[in-house]
$ cat query_1.txt   # compact mmCIF, C-alpha atoms and all ligand atoms
# COMPACT_ATOMS: atom_id res chain seq x y z
CA MET A 1 84.82 99.53 98.97
CA HIS A 2 85.55 97.95 102.31
CA LEU A 3 88.03 95.56 103.88
CA PHE A 4 85.58 93.33 105.77
CA HIS A 5 85.32 89.74 104.62
CA TYR A 6 84.95 86.18 105.86
CA GLN A 7 88.15 84.22 106.14
CA ASN A 8 88.03 80.65 107.45
CA ALA A 9 84.34 81.30 108.13
CA ARG A 10 85.10 84.14 110.55
CA LEU A 11 84.51 87.80 109.80
CA HIS A 12 87.72 89.77 109.49
CA CYS A 13 88.51 93.45 109.32
CA GLU A 14 91.60 93.53 107.11
CA ALA A 15 93.73 90.70 108.58
CA THR A 16 92.19 90.91 112.05
CA ASP A 17 89.66 88.40 113.36
CA LEU A 18 86.69 90.30 114.76
CA GLN A 19 85.44 87.70 117.23
CA THR A 20 88.84 87.69 118.91
CA LEU A 21 88.53 91.47 119.29
CA ALA A 22 84.99 91.19 120.68
CA GLU A 23 86.05 88.60 123.24
CA LYS A 24 89.09 90.59 124.28
CA HIS A 25 87.58 94.07 124.46
CA GLY A 26 83.92 93.32 125.12
CA THR A 27 80.86 94.58 123.27
CA PRO A 28 79.35 96.88 122.08
CA LEU A 29 82.54 97.66 120.21
CA TYR A 30 83.21 99.91 117.23
CA VAL A 31 85.94 98.69 114.88
CA TYR A 32 87.33 100.79 112.03
CA SER A 33 89.49 99.78 109.08
CA LYS A 34 92.32 102.21 108.45
CA GLY A 35 92.92 100.69 105.01
CA THR A 36 89.35 101.41 103.96
CA ILE A 37 89.51 105.03 105.10
CA THR A 38 92.85 105.52 103.35
CA SER A 39 91.57 103.99 100.14
CA HIS A 40 88.45 106.16 100.16
CA PHE A 41 90.49 109.31 100.65
CA GLN A 42 92.90 108.40 97.88
CA ARG A 43 90.18 107.42 95.43
CA LEU A 44 88.31 110.67 95.92
CA ASP A 45 91.56 112.59 95.69
CA GLU A 46 92.26 110.90 92.34
CA ALA A 47 88.74 111.50 91.06
CA LEU A 48 89.11 115.23 91.79
CA ALA A 49 92.70 115.38 90.50
CA PRO A 50 91.84 117.51 87.44
CA LEU A 51 90.76 120.25 89.84
CA ASN A 52 92.79 122.37 92.23
CA HIS A 53 91.04 120.82 95.20
CA LEU A 54 91.05 120.18 98.93
CA ILE A 55 89.15 117.39 100.64
CA CYS A 56 87.76 118.74 103.91
CA TYR A 57 86.56 115.66 105.77
CA ALA A 58 83.30 116.31 107.68
CA VAL A 59 84.45 115.59 111.22
CA LYS A 60 80.92 115.03 112.51
CA ALA A 61 80.76 111.66 110.74
CA ASN A 62 83.48 110.14 112.90
CA SER A 63 85.62 112.36 115.08
CA ASN A 64 87.86 109.82 116.76
CA LEU A 65 91.37 111.28 117.01
CA ALA A 66 92.88 108.27 115.23
CA VAL A 67 90.52 108.73 112.28
CA LEU A 68 91.31 112.45 112.11
CA SER A 69 95.03 111.76 112.35
CA THR A 70 94.78 109.24 109.50
CA ILE A 71 93.11 111.85 107.30
CA ALA A 72 95.47 114.64 108.36
CA LYS A 73 98.47 112.48 107.37
CA LEU A 74 96.91 111.89 103.95
CA GLY A 75 96.90 115.66 103.47
CA GLY A 76 93.21 116.18 104.14
CA GLY A 77 91.56 119.24 105.57
CA PHE A 78 88.49 119.26 107.79
CA ASP A 79 84.97 120.61 107.80
CA ILE A 80 84.12 121.38 111.41
CA VAL A 81 80.88 122.49 113.03
CA SER A 82 81.97 123.40 116.54
CA GLY A 83 84.86 124.63 118.63
CA GLY A 84 84.99 121.10 120.00
CA GLU A 85 85.62 119.62 116.57
CA LEU A 86 88.38 122.17 115.94
CA PHE A 87 89.94 121.19 119.28
CA ARG A 88 89.88 117.55 118.16
CA VAL A 89 91.42 118.32 114.76
CA ILE A 90 94.27 120.21 116.42
CA LYS A 91 94.82 117.39 118.96
CA ALA A 92 94.96 114.92 116.08
CA GLY A 93 97.67 116.94 114.30
CA GLY A 94 95.36 118.48 111.70
CA ASP A 95 96.10 121.87 110.20
CA PRO A 96 93.65 124.67 111.18
CA ALA A 97 94.62 126.42 107.96
CA LYS A 98 92.82 123.57 106.15
CA CYS A 99 89.65 123.84 108.24
CA THR A 100 86.30 125.24 107.20
CA PHE A 101 83.82 126.04 109.96
CA ALA A 102 80.17 125.34 109.07
CA GLY A 103 76.97 125.50 111.10
CA VAL A 104 74.12 127.93 111.65
CA GLY A 105 74.83 128.83 115.28
CA LYS A 106 78.47 129.64 115.94
CA THR A 107 79.01 131.23 119.35
CA ARG A 108 81.36 134.07 120.29
CA ALA A 109 83.71 131.65 122.05
CA GLU A 110 83.84 129.43 118.96
CA ILE A 111 84.43 132.34 116.60
CA GLU A 112 87.24 133.68 118.81
CA TYR A 113 88.86 130.26 119.12
CA ALA A 114 88.71 129.66 115.36
CA LEU A 115 90.17 133.10 114.64
CA GLN A 116 92.99 132.55 117.12
CA GLN A 117 93.79 129.18 115.55
CA GLY A 118 93.80 130.66 112.04
CA ILE A 119 91.21 128.51 110.27
CA TYR A 120 90.91 128.63 106.49
CA CYS A 121 87.36 129.95 106.40
CA PHE A 122 84.07 130.43 108.22
CA ASN A 123 81.18 129.15 106.12
CA ALA A 124 78.48 131.52 107.31
CA GLU A 125 74.81 130.65 107.11
CA SER A 126 73.09 134.02 107.70
CA GLU A 127 73.77 137.73 107.34
CA ALA A 128 73.42 138.14 111.10
CA GLU A 129 76.20 135.63 111.59
CA LEU A 130 78.44 137.41 109.08
CA ARG A 131 77.95 140.68 110.94
CA TYR A 132 78.69 139.00 114.25
CA ILE A 133 81.90 137.44 112.94
CA ASN A 134 82.87 140.91 111.67
CA LEU A 135 82.27 142.34 115.14
CA VAL A 136 84.22 139.65 117.00
CA ALA A 137 87.11 139.81 114.50
CA GLY A 138 87.25 143.59 114.92
CA GLU A 139 87.47 143.28 118.69
CA LEU A 140 90.37 140.85 118.33
CA GLY A 141 92.08 143.10 115.77
CA LYS A 142 91.83 140.34 113.16
CA LYS A 143 90.42 139.84 109.68
CA ALA A 144 88.04 136.89 109.41
CA PRO A 145 88.01 134.76 106.25
CA VAL A 146 84.41 134.07 105.26
CA ALA A 147 82.32 132.29 102.68
CA VAL A 148 78.56 132.15 102.50
CA ARG A 149 76.56 128.97 102.26
CA VAL A 150 74.07 129.22 99.45
CA ASN A 151 70.83 127.30 99.71
CA PRO A 152 70.21 126.36 96.08
CA ASN A 153 66.69 125.01 96.69
CA VAL A 154 67.47 121.68 95.08
CA ASP A 155 65.82 118.48 96.24
CA ALA A 156 68.51 115.98 97.19
CA LYS A 157 65.92 113.16 97.17
CA THR A 158 67.23 111.68 100.39
CA HIS A 159 65.71 111.18 103.85
CA ALA A 160 63.84 114.29 105.07
CA LYS A 161 66.02 114.58 108.18
CA ILE A 162 69.21 114.79 106.11
CA THR A 163 67.97 117.05 103.32
CA THR A 164 69.55 120.48 103.67
CA GLY A 165 69.39 122.30 100.36
CA LYS A 166 65.69 123.18 100.19
CA SER A 167 64.32 126.63 101.02
CA GLU A 168 62.39 125.23 103.96
CA ASN A 169 65.61 123.95 105.57
CA LYS A 170 67.37 126.17 108.08
CA PHE A 171 70.66 126.02 106.19
CA GLY A 172 72.35 128.66 104.10
CA ILE A 173 71.08 131.86 102.54
CA ASP A 174 68.50 131.81 99.76
CA PHE A 175 69.97 131.71 96.27
CA ASP A 176 68.23 134.96 95.30
CA GLN A 177 69.63 136.91 98.25
CA ILE A 178 73.27 135.88 97.90
CA LEU A 179 74.57 138.66 95.62
CA ASP A 180 73.03 141.38 97.77
CA VAL A 181 74.49 139.84 100.90
CA TYR A 182 77.99 139.73 99.36
CA ASP A 183 77.67 143.36 98.26
CA ARG A 184 76.47 144.57 101.67
CA VAL A 185 79.10 142.61 103.55
CA ALA A 186 81.86 143.86 101.26
CA ARG A 187 80.73 147.44 101.91
CA GLU A 188 79.84 147.30 105.57
CA CYS A 189 82.03 144.64 107.21
CA PRO A 190 85.65 145.81 107.12
CA ASN A 191 86.91 142.92 109.24
CA LEU A 192 85.75 140.23 106.83
CA VAL A 193 87.72 138.87 103.90
CA ILE A 194 85.40 137.23 101.38
CA LYS A 195 87.05 134.01 100.28
CA GLY A 196 84.46 131.80 98.68
CA LEU A 197 81.02 130.31 98.33
CA GLN A 198 79.79 127.04 99.79
CA MET A 199 76.84 124.71 99.34
CA HIS A 200 75.73 121.34 100.72
CA ILE A 201 72.41 119.93 99.60
CA GLY A 202 72.08 116.86 101.76
CA SER A 203 73.53 113.58 102.86
CA GLN A 204 73.42 109.98 101.59
CA LEU A 205 72.73 110.94 97.98
CA THR A 206 72.72 107.80 95.85
CA ASN A 207 71.99 109.50 92.58
CA VAL A 208 74.18 112.05 90.84
CA ASP A 209 71.34 114.14 89.42
CA PRO A 210 70.78 116.45 92.42
CA PHE A 211 74.53 117.20 92.54
CA VAL A 212 74.48 118.05 88.84
CA GLU A 213 71.39 120.22 89.23
CA ALA A 214 72.91 122.11 92.16
CA VAL A 215 76.28 122.64 90.47
CA ARG A 216 74.60 123.77 87.25
CA LYS A 217 72.47 126.25 89.17
CA VAL A 218 75.23 127.65 91.37
CA VAL A 219 78.20 127.85 88.95
CA PRO A 220 76.94 131.05 87.24
CA LEU A 221 76.52 132.61 90.68
CA VAL A 222 80.07 131.62 91.58
CA GLU A 223 81.32 133.23 88.36
CA GLN A 224 79.56 136.46 89.19
CA ILE A 225 80.87 136.53 92.75
CA LYS A 226 84.36 135.72 91.49
CA ALA A 227 84.22 138.66 89.11
CA GLU A 228 82.95 141.06 91.75
CA HIS A 229 84.69 139.89 94.90
CA ARG A 230 87.76 137.93 93.71
CA ILE A 231 86.94 134.80 95.71
CA GLU A 232 89.40 131.90 95.74
CA PHE A 233 87.24 128.81 96.42
CA PHE A 234 83.92 127.11 95.83
CA SER A 235 82.93 124.30 98.18
CA ILE A 236 80.54 121.73 96.78
CA GLY A 237 79.81 120.23 100.20
CA GLY A 238 79.58 116.56 101.03
CA GLY A 239 76.74 114.11 100.63
CA ILE A 240 78.16 111.27 98.53
CA GLY A 241 76.04 108.26 99.49
CA ILE A 242 77.38 104.86 100.39
CA ASN A 243 76.06 101.37 99.79
CA TYR A 244 74.51 100.04 103.00
CA ARG A 245 73.88 96.67 101.34
CA GLN A 246 77.39 95.58 100.68
CA SER A 247 78.46 92.13 99.73
CA LEU A 248 80.82 90.29 102.01
CA ASP A 249 81.07 87.39 99.59
CA SER A 250 83.00 89.32 97.04
CA GLY A 251 85.79 89.87 99.52
CA PRO A 252 87.85 93.00 99.87
CA ALA A 253 87.29 94.01 96.29
CA THR A 254 86.47 97.45 95.05
CA TRP A 255 83.31 95.99 93.67
CA TRP A 256 80.84 98.77 94.09
CA GLU A 257 82.95 101.43 92.55
CA GLU A 258 83.36 99.28 89.46
CA ASN A 259 79.82 98.04 89.38
CA PRO A 260 77.39 100.91 88.86
CA GLU A 261 74.43 98.57 89.10
CA ALA A 262 75.36 97.74 92.66
CA HIS A 263 75.41 101.38 93.58
CA PRO A 264 74.07 104.16 91.42
CA LEU A 265 76.53 106.77 92.60
CA THR A 266 80.08 105.71 91.89
CA LEU A 267 83.01 108.07 92.22
CA LYS A 268 83.46 107.84 88.47
CA THR A 269 79.86 108.96 87.86
CA TYR A 270 80.20 111.73 90.42
CA ALA A 271 83.49 113.07 89.07
CA GLU A 272 82.52 112.78 85.40
CA ALA A 273 79.34 114.72 86.06
CA ILE A 274 80.73 117.62 88.04
CA VAL A 275 84.45 118.03 87.30
CA PRO A 276 83.93 119.39 83.76
CA GLN A 277 81.46 121.97 85.10
CA LEU A 278 83.82 123.06 87.87
CA GLN A 279 87.11 123.14 85.98
CA PRO A 280 86.44 126.33 83.95
CA LEU A 281 85.86 128.28 87.17
CA GLY A 282 89.60 128.29 87.81
CA LEU A 283 88.94 128.27 91.54
CA ARG A 284 90.04 126.00 94.35
CA ILE A 285 87.29 123.39 94.80
CA LEU A 286 86.54 122.08 98.27
CA CYS A 287 84.66 118.85 98.89
CA GLU A 288 83.33 117.89 102.34
CA PRO A 289 82.70 114.15 102.46
CA GLY A 290 81.87 112.53 105.78
CA ARG A 291 79.95 109.30 105.28
CA PHE A 292 81.79 108.37 102.07
CA MET A 293 85.11 108.45 103.88
CA VAL A 294 84.24 106.41 106.96
CA GLY A 295 80.77 104.84 106.63
CA ASN A 296 81.78 101.50 105.15
CA ALA A 297 85.02 101.56 107.13
CA GLY A 298 83.38 100.77 110.47
CA VAL A 299 81.32 98.05 112.13
CA LEU A 300 79.57 97.85 115.46
CA LEU A 301 80.08 94.49 117.17
CA THR A 302 77.40 93.29 119.54
CA GLN A 303 76.61 90.09 121.41
CA VAL A 304 73.25 88.34 121.45
CA LEU A 305 72.00 88.23 125.04
CA TYR A 306 68.62 86.53 124.77
CA GLU A 307 66.02 85.36 122.35
CA LYS A 308 62.33 85.96 122.89
CA ARG A 309 59.68 84.33 120.73
CA GLY A 310 56.47 86.33 121.00
CA SER A 311 53.16 85.71 119.28
CA ALA A 312 53.85 88.37 116.67
CA LYS A 313 57.63 88.47 116.44
CA THR A 314 60.90 86.88 117.37
CA PHE A 315 63.29 89.22 119.10
CA LYS A 316 67.03 88.85 119.28
CA ILE A 317 68.01 91.01 122.24
CA VAL A 318 71.57 92.27 121.85
CA ASP A 319 73.88 94.34 124.03
CA ALA A 320 74.02 97.34 121.66
CA GLY A 321 71.14 99.78 121.64
CA MET A 322 69.90 102.97 120.07
CA ASN A 323 72.24 104.87 122.37
CA ASP A 324 75.16 103.21 120.57
CA LEU A 325 73.75 103.47 117.03
CA ILE A 326 70.73 105.71 116.56
CA ARG A 327 70.51 105.63 112.76
CA PRO A 328 67.99 102.77 112.42
CA THR A 329 65.42 104.46 114.61
CA LEU A 330 66.13 108.09 113.75
CA TYR A 331 66.38 107.83 109.97
CA GLU A 332 64.93 104.38 109.27
CA GLY A 333 68.57 103.64 108.47
CA TRP A 334 69.10 100.11 107.13
CA HIS A 335 72.29 98.50 108.36
CA GLN A 336 73.26 95.04 107.27
CA ILE A 337 73.74 92.64 110.20
CA VAL A 338 75.85 89.51 109.92
CA PRO A 339 77.13 86.91 112.40
CA LEU A 340 80.85 86.98 113.10
CA LYS A 341 80.91 83.23 112.50
CA GLN A 342 79.79 82.53 108.97
CA PRO A 343 76.65 80.40 109.08
CA ALA A 344 77.04 76.85 107.83
CA SER A 345 73.61 76.75 106.19
CA ALA A 346 71.58 79.22 104.18
CA ALA A 347 68.66 79.01 106.64
CA LEU A 348 67.16 82.36 107.60
CA GLU A 349 64.56 83.47 110.12
CA LYS A 350 62.69 86.76 110.33
CA VAL A 351 63.60 88.61 113.50
CA ASP A 352 63.81 92.01 115.15
CA VAL A 353 67.26 92.83 116.49
CA VAL A 354 66.62 95.00 119.54
CA GLY A 355 68.72 96.61 122.24
CA PRO A 356 68.36 96.82 126.02
CA ILE A 357 67.03 100.41 126.10
CA CYS A 358 63.58 101.04 127.51
CA GLU A 359 62.03 102.38 124.32
CA SER A 360 60.11 100.65 121.54
CA GLY A 361 62.24 102.62 119.11
CA ASP A 362 65.31 100.79 120.36
CA PHE A 363 66.07 98.48 117.47
CA LEU A 364 68.94 97.85 115.09
CA ALA A 365 66.81 95.98 112.56
CA GLN A 366 63.14 95.04 112.16
CA ASN A 367 61.64 92.14 110.21
CA ARG A 368 65.09 91.12 109.10
CA ASP A 369 66.04 87.76 107.63
CA LEU A 370 68.98 86.61 109.73
CA PRO A 371 70.75 83.28 109.97
CA PRO A 372 69.85 81.53 113.24
CA VAL A 373 71.85 83.00 116.13
CA ALA A 374 71.66 82.14 119.82
CA GLY A 375 72.56 83.83 123.09
CA GLY A 376 76.33 84.31 123.27
CA ASP A 377 76.79 84.64 119.51
CA TYR A 378 78.30 87.80 118.11
CA LEU A 379 76.93 89.99 115.34
CA ALA A 380 78.42 92.79 113.28
CA VAL A 381 76.32 95.78 112.30
CA LEU A 382 77.93 96.91 109.07
CA SER A 383 78.55 100.38 107.62
CA ALA A 384 78.48 101.90 111.10
CA GLY A 385 81.63 103.99 110.72
CA ALA A 386 79.77 107.23 109.97
CA TYR A 387 77.33 108.87 112.39
CA GLY A 388 77.63 105.85 114.67
CA PHE A 389 79.84 106.60 117.65
CA THR A 390 79.57 110.37 117.11
CA MET A 391 75.82 110.21 117.70
CA ALA A 392 76.05 107.79 120.63
CA SER A 393 74.89 108.86 124.09
CA ASN A 394 74.83 107.74 127.68
CA TYR A 395 71.05 107.24 127.65
CA ASN A 396 69.97 104.71 130.29
CA THR A 397 73.35 105.39 131.94
CA ARG A 398 75.08 103.13 129.47
CA PRO A 399 78.82 103.75 129.06
CA MET A 400 80.01 104.64 125.57
CA PRO A 401 81.53 101.72 123.67
CA ALA A 402 85.24 101.35 123.01
CA GLU A 403 86.65 102.11 119.56
CA ILE A 404 89.37 100.18 117.76
CA LEU A 405 91.38 101.04 114.67
CA VAL A 406 92.61 98.08 112.66
CA GLU A 407 95.58 98.22 110.33
CA GLY A 408 96.28 94.83 108.79
CA SER A 409 96.68 92.41 111.67
CA THR A 410 97.21 95.19 114.21
CA ALA A 411 94.29 96.40 116.32
CA ARG A 412 94.70 99.50 118.45
CA VAL A 413 92.23 100.71 121.08
CA VAL A 414 91.76 104.33 120.04
CA ARG A 415 89.18 105.07 122.70
CA GLY A 416 88.74 102.97 125.81
CA ARG A 417 85.31 101.87 126.94
CA GLN A 418 83.80 104.38 129.37
CA THR A 419 83.58 103.27 132.97
CA LEU A 420 80.59 104.13 135.13
CA GLU A 421 82.83 106.59 136.99
CA ASP A 422 83.49 108.29 133.62
CA VAL A 423 79.77 108.50 132.96
CA LEU A 424 79.03 110.14 136.33
CA LYS A 425 82.02 112.49 136.22
CA GLY A 426 81.10 116.04 137.18
CA GLU A 427 77.78 115.16 138.80
CA THR A 428 77.05 115.82 142.45
CA PRO A 429 74.26 114.25 144.50
N1 LIG B 501 79.13 119.47 104.89
C1 LIG B 501 78.11 119.95 105.63
C2 LIG B 501 77.92 121.39 105.69
C3 LIG B 501 77.24 119.08 106.30
O1 LIG B 501 76.23 119.56 107.00
C4 LIG B 501 77.45 117.68 106.22
C5 LIG B 501 76.58 116.72 106.92
C6 LIG B 501 78.55 117.22 105.47
C7 LIG B 501 79.36 118.14 104.80
C8 LIG B 501 78.87 115.76 105.34
O2 LIG B 501 77.86 115.06 104.70
P1 LIG B 501 78.11 113.55 104.27
O3 LIG B 501 79.22 113.55 103.26
O4 LIG B 501 78.49 112.79 105.47
O5 LIG B 501 76.84 113.11 103.69
N2 LIG B 501 73.46 111.91 110.95
C9 LIG B 501 72.95 111.73 109.61
C10 LIG B 501 73.74 112.55 108.61
C11 LIG B 501 73.76 114.02 108.94
C12 LIG B 501 74.57 114.83 107.97
C13 LIG B 501 74.76 116.23 108.45
N3 LIG B 501 75.58 117.06 107.63
C14 LIG B 501 72.97 110.24 109.27
O6 LIG B 501 73.40 109.43 110.09
O7 LIG B 501 72.52 109.86 108.18
$ encode --input "query_1.txt" --output "structure tokens" --more "lines below"
Ligand code: LLP
Amino acid sequence: MHLFHYQNARLHCEATDLQTLAEKHGTPLYVYSKGTITSHFQRLDEALAPLNHLICYAVKANSNLAVLSTIAKLGGGFDIVSGGELFRVIKAGGDPAKCTFAGVGKTRAEIEYALQQGIYCFNAESEAELRYINLVAGELGKKAPVAVRVNPNVDAKTHAKITTGKSENKFGIDFDQILDVYDRVARECPNLVIKGLQMHIGSQLTNVDPFVEAVRKVVPLVEQIKAEHRIEFFSIGGGIGINYRQSLDSGPATWWEENPEAHPLTLKTYAEAIVPQLQPLGLRILCEPGRFMVGNAGVLLTQVLYEKRGSAKTFKIVDAGMNDLIRPTLYEGWHQIVPLKQPASAALEKVDVVGPICESGDFLAQNRDLPPVAGGDYLAVLSAGAYGFTMASNYNTRPMPAEILVEGSTARVVRGRQTLEDVLKGETP
């Protein structure tokens, strides 16, 4: 669901007119809907209600402090992948005791920081890492809570760059090695407390089958580990896909969750498929959604600078580039693009929407049917709330865009646009 819709022929985020925001704050501009984030959290919370569960939002999807604070106030925990993300969570008022720390390459400084802050659990991805955490914890005179990420070797049937649960991926420990690793660690690592098991098979899953296959495969392993090591949680990871082709005509309805044909993976389908398998475990179940929580809650606003009609293509050159939103070029990500002023006619033209960066890969859309737009017009790139700003860079010495959080008719700048002085900070000639 999302709270973006046309009202009086102008695109609104909740009750806020987006063109007014673009004119006031400039573009490129990220705008997030607090109502959409809140609704997503609550819906997932309800879907998992039969389980003793904790939603650990994957901070990497959108780590703005205002987004984290919104989720912290809803009672959410956080899945972090760096000391930096933990620092953000704490700054936003999040509880370290609800944080899981994932990632294959945690450094000493990060492990120490996380131990000092008292995180809920390290999700370790190799035996070497487990032994290192044991060593660092020992030196600090602490016990480190750990879980192991199992690689279930299940094909998530998503884009190759966001598939994580196959044996050829660098993530987790092979399914067949897990029991031996738990046994060795329990015997040889006195500074570790084994708390759980974790998995995450990939991102942007739009079909429930890979989740079902992974849960079915891993549940017996969880039962065995529970019997032998008295673990308290099983994390099923994130990965719930979103609909990148959402309708703006249907208004702020919850249409896709109630319309399975519009999106094959609804929360209902997801919960009905996995909750009954997880319930008998009697464990705390963690879920680590990133994209689901914030993807459809954000848009990237951009202004058309120029039009160029070439012999092969028509280009709409806009002021947002691959440095602001890298998904189209990195993952062939398809983001819907709509004008902020609703077009009067149904006329469409096939165009490439490209940015100002000096790379042929710098596009937001290719061969896209768009209503006619001219220089000066504004566009919204939809479903840009996840892996948008967090993957942005200063490439071509372009300042990072500003970010705004909308709540009803209130719009708050939650990160100011970078100045060129900000971009050069710390450099010396
Ligand atoms: N848990 C772990 C251990 C993860 O590695 C990830 C995402 C998540 C949870 C959250 O997954 P989600 O619910 O958002 O699917 N930049 C890519 C996505 C990379 C996902 C990395 N890991 C994109 O823009 O599509």
$ residues_around --input "query_1.txt" --residues "stretch 376-390 of chain A" --least-positions-apart "2" --cutoff "9 Å" --atoms "all atoms listed in the file" --output "ChimeraX atom specification"
/A:11,18-19,22,27,30-32,60-64,242-246,290-306,318,324-327,335-341,364,373-374,392-393,400-401,403
$ residues_around --input "query_1.txt" --residues "A:Ser235" --least-positions-apart "3" --cutoff "8 Å" --atoms "only C-alpha atoms" --output "MDAnalysis selection string"
chainID A and resid 196:199 285:288
$ closest_residue --input "query_1.txt" --among "A:Ile173, A:Ile274, A:Cys56, A:Leu248" --to "ligand LIG 501 (chain B)" --atoms "only C-alpha atoms and all ligand atoms"
A:Cys56
$ atom_distance --input "query_1.txt" --atom1 "atom CA of A:Pro399" --atom2 "atom CA of A:Gln418"
5.0 Å
$ residues_around --input "query_1.txt" --residues "stretch 180-190 of chain A" --least-positions-apart "3" --cutoff "7 Å" --atoms "only C-alpha atoms" --output "PyMOL selection string"
chain A and resi 127+131+134+177
$ closest_residue --input "query_1.txt" --among "A:Leu179, A:Val215, A:Val146, A:Leu330" --to "ligand LIG 501 (chain B)" --atoms "only C-alpha atoms and all ligand atoms"
A:Leu330
$ atom_distance --input "query_1.txt" --atom1 "atom CA of A:Pro280" --atom2 "atom CA of A:Ile55"
19.1 Å
$ residues_around --input "query_1.txt" --residues "A:Leu370" --least-positions-apart "4" --cutoff "7 Å" --atoms "only C-alpha atoms" --output "list in words"
Leu348, Glu349, Lys350 and Val351 of chain A
$ residues_around --input "query_1.txt" --residues "A:Lys143" --least-positions-apart "3" --cutoff "6 Å" --atoms "all atoms listed in the file" --output "ChimeraX atom specification"
/A:137,191-192
